[in-house]
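Colleague: Pasting in a structure now, in structure tokens, and then I'll have a few things to ask.
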Amino acid sequence: MELIQSFSVDHTRIVPGIFTSRVDHLGDYSVTTYDIRLKRPNREPVIDVAAMHSLEHLIATFLRNDPDWKDEVIYWGPMGCLTGFYLILKGNRASEELYDLMLSAFKSVDKAQEVPGTAPENCGHCLMHNLGMAKWFANEFAAYLEANKDNRAIFEYPKTERLVTEDGQHFFDS
């Protein structure tokens, strides 16, 4: 079975940032999945589940209301490993083009007075939210983005080197 593209990223070397995960060409248009990585995998504590849930609601609401981007947004949701989010957009933009959007989105969390969509009618686990911790993680990531704006590593995935035998067989460590 072929290893999927996101598992070919070297998770021992990735840093927080904004990365192009994959581009899918669907007939006349493209859809791009971005990895919005807040934490270094396997090196620092992951995002608290309730804070992650709140960030999902807050930033999805921000993105779907941004006048310049709302028509491009297909999906915003958490990674299972709790180190970041996936953003799926129409089209194919370089990761750097999302910098201002992501910085604004994460900075907007600090202004929130409540988490949108948390009524039992709107949310599958309405009691699992933590606005205070969501603000903490959002502020941490926004400060990181600002401090690393000119650092290429926050926009380029580190790739895992894979052993290939003389007859072309690939060996994977997953």
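Naming works like this for the structure tokens: A, B, ... for the chains as they're shown, residue 1 at the start of each chain, ligands 1 onward in shown order.
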Do you know which residues are at most 8 Å from region 17-25 of chain A counting only C-alpha atoms, after dropping those on the same chain fewer than 4 positions away, and could you put them as number ranges by chain?

Modeller: A: 5-6, 29-38, 92, 94-96, 98-99, 145, 153-157

Colleague: Please extract the residues of region 43-118 of chain A with a backbone DSSP assignment of helix (DSSP H, G or I) and present them as a PyMOL selection string.

Modeller: chain A and resi 49-65+95-109

Colleague: Using only C-alpha atoms, which residues sit within 6 Å of Trp76 (chain A) once same-chain residues fewer than 6 positions away are excluded, as a PyMOL selection string?

Modeller: chain A and resi 60+86-87

Colleague: Could you tell me how far CA of Trp136 (chain A) sits from CA of Ile47 (chain A), in Å to one decimal place?

Modeller: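 We find that CA of Ile47 (chain A) and CA of Trp136 (chain A) lie 10.2 Å from each other.
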
Colleague: Nearest to Asn130 (chain A): which of A:Ala50, A:Thr61, A:Asp100, A:Lys70 is it, counting only C-alpha atoms?

Modeller: A:Ala50

Colleague: Which is closest to Gly132 (chain A) among A:Ile74, A:Leu101, A:Ala51, A:Leu58, if we use only C-alpha atoms?

Modeller: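 Looking at the shortest contact to Gly132 (chain A), the residue is A:Ala51.
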
Colleague: Mind the document's chain letters and residue numbers, and return as a tab-separated table (two decimals) with N, CA and C atoms, in the first residue's frame the residues of chain A that DSSP labels strand (DSSP E).

Modeller:
chain	number	residue	atom	x	y	z
A	17	GLY	N	3.95	26.34	11.54
A	17	GLY	CA	3.94	27.16	10.34
A	17	GLY	C	2.72	26.92	9.47
A	18	ILE	N	2.82	27.38	8.24
A	18	ILE	CA	1.74	27.31	7.25
A	18	ILE	C	2.31	26.58	6.03
A	19	PHE	N	1.83	25.38	5.78
A	19	PHE	CA	2.42	24.53	4.74
A	19	PHE	C	1.37	24.07	3.74
A	20	THR	N	1.78	23.92	2.50
A	20	THR	CA	0.92	23.29	1.50
A	20	THR	C	1.07	21.79	1.69
A	21	SER	N	-0.03	21.13	2.02
A	21	SER	CA	-0.02	19.69	2.26
A	21	SER	C	-0.22	18.92	0.97
A	22	ARG	N	-1.21	19.37	0.18
A	22	ARG	CA	-1.48	18.70	-1.10
A	22	ARG	C	-2.33	19.59	-1.98
A	23	VAL	N	-2.20	19.37	-3.28
A	23	VAL	CA	-3.02	20.07	-4.27
A	23	VAL	C	-3.73	19.00	-5.09
A	24	ASP	N	-5.06	19.10	-5.15
A	24	ASP	CA	-5.86	18.18	-5.94
A	24	ASP	C	-6.45	18.94	-7.12
A	25	HIS	N	-6.24	18.42	-8.30
A	25	HIS	CA	-6.79	19.01	-9.52
A	25	HIS	C	-8.07	18.26	-9.86
A	26	LEU	N	-9.17	18.99	-9.83
A	26	LEU	CA	-10.49	18.40	-10.04
A	26	LEU	C	-11.11	19.02	-11.29
A	29	TYR	N	-10.68	23.01	-11.96
A	29	TYR	CA	-10.23	23.79	-10.81
A	29	TYR	C	-9.38	22.94	-9.87
A	30	SER	N	-8.72	23.63	-8.95
A	30	SER	CA	-7.87	22.96	-7.97
A	30	SER	C	-8.39	23.22	-6.57
A	31	VAL	N	-8.08	22.30	-5.69
A	31	VAL	CA	-8.37	22.43	-4.27
A	31	VAL	C	-7.06	22.16	-3.53
A	32	THR	N	-6.71	23.05	-2.61
A	32	THR	CA	-5.45	22.89	-1.89
A	32	THR	C	-5.70	22.71	-0.41
A	33	THR	N	-5.02	21.72	0.16
A	33	THR	CA	-5.07	21.46	1.59
A	33	THR	C	-3.81	22.05	2.22
A	34	TYR	N	-4.01	22.88	3.23
A	34	TYR	CA	-2.90	23.50	3.95
A	34	TYR	C	-2.83	22.92	5.36
A	35	ASP	N	-1.62	22.75	5.83
A	35	ASP	CA	-1.33	22.29	7.17
A	35	ASP	C	-0.98	23.53	7.98
A	36	ILE	N	-1.84	23.88	8.92
A	36	ILE	CA	-1.59	25.03	9.79
A	36	ILE	C	-1.12	24.43	11.12
A	37	ARG	N	0.18	24.34	11.26
A	37	ARG	CA	0.80	23.58	12.36
A	37	ARG	C	1.16	24.52	13.50
A	73	VAL	N	-13.13	29.24	1.07
A	73	VAL	CA	-13.00	28.27	2.16
A	73	VAL	C	-13.91	27.07	1.93
A	74	ILE	N	-13.30	25.89	1.94
A	74	ILE	CA	-14.05	24.65	1.85
A	74	ILE	C	-14.13	23.98	3.22
A	75	TYR	N	-13.02	24.01	3.97
A	75	TYR	CA	-12.98	23.28	5.24
A	75	TYR	C	-11.92	23.85	6.15
A	76	TRP	N	-12.21	23.89	7.45
A	76	TRP	CA	-11.25	24.19	8.51
A	76	TRP	C	-11.52	23.18	9.61
A	77	GLY	N	-10.53	22.39	9.97
A	77	GLY	CA	-10.75	21.41	11.03
A	77	GLY	C	-9.45	20.92	11.64
A	78	PRO	N	-9.56	20.32	12.83
A	78	PRO	CA	-8.37	19.91	13.58
A	78	PRO	C	-7.71	18.65	13.04
A	84	GLY	N	-2.31	20.84	15.15
A	84	GLY	CA	-2.67	21.90	14.22
A	84	GLY	C	-3.99	21.64	13.53
A	85	PHE	N	-4.20	22.35	12.43
A	85	PHE	CA	-5.45	22.30	11.69
A	85	PHE	C	-5.19	22.09	10.21
A	86	TYR	N	-6.21	21.62	9.52
A	86	TYR	CA	-6.20	21.59	8.06
A	86	TYR	C	-7.14	22.66	7.56
A	87	LEU	N	-6.68	23.39	6.56
A	87	LEU	CA	-7.48	24.39	5.87
A	87	LEU	C	-7.52	23.97	4.42
A	88	ILE	N	-8.72	23.80	3.87
A	88	ILE	CA	-8.87	23.45	2.46
A	88	ILE	C	-9.51	24.64	1.76
A	89	LEU	N	-8.82	25.11	0.72
A	89	LEU	CA	-9.28	26.27	-0.05
A	89	LEU	C	-9.42	25.92	-1.53
A	90	LYS	N	-10.31	26.61	-2.20
A	90	LYS	CA	-10.37	26.54	-3.65
A	90	LYS	C	-9.11	27.17	-4.21
A	163	LEU	N	14.65	5.26	1.83
A	163	LEU	CA	15.58	4.34	1.19
A	163	LEU	C	14.91	3.71	-0.03
A	164	VAL	N	15.63	3.73	-1.16
A	164	VAL	CA	15.16	3.09	-2.38
A	164	VAL	C	16.23	2.10	-2.80
A	170	HIS	N	10.68	0.88	-2.45
A	170	HIS	CA	10.73	1.93	-1.41
A	170	HIS	C	10.50	1.28	-0.05
A	171	PHE	N	11.26	1.74	0.94
A	171	PHE	CA	11.06	1.27	2.30
A	171	PHE	C	10.54	2.43	3.12
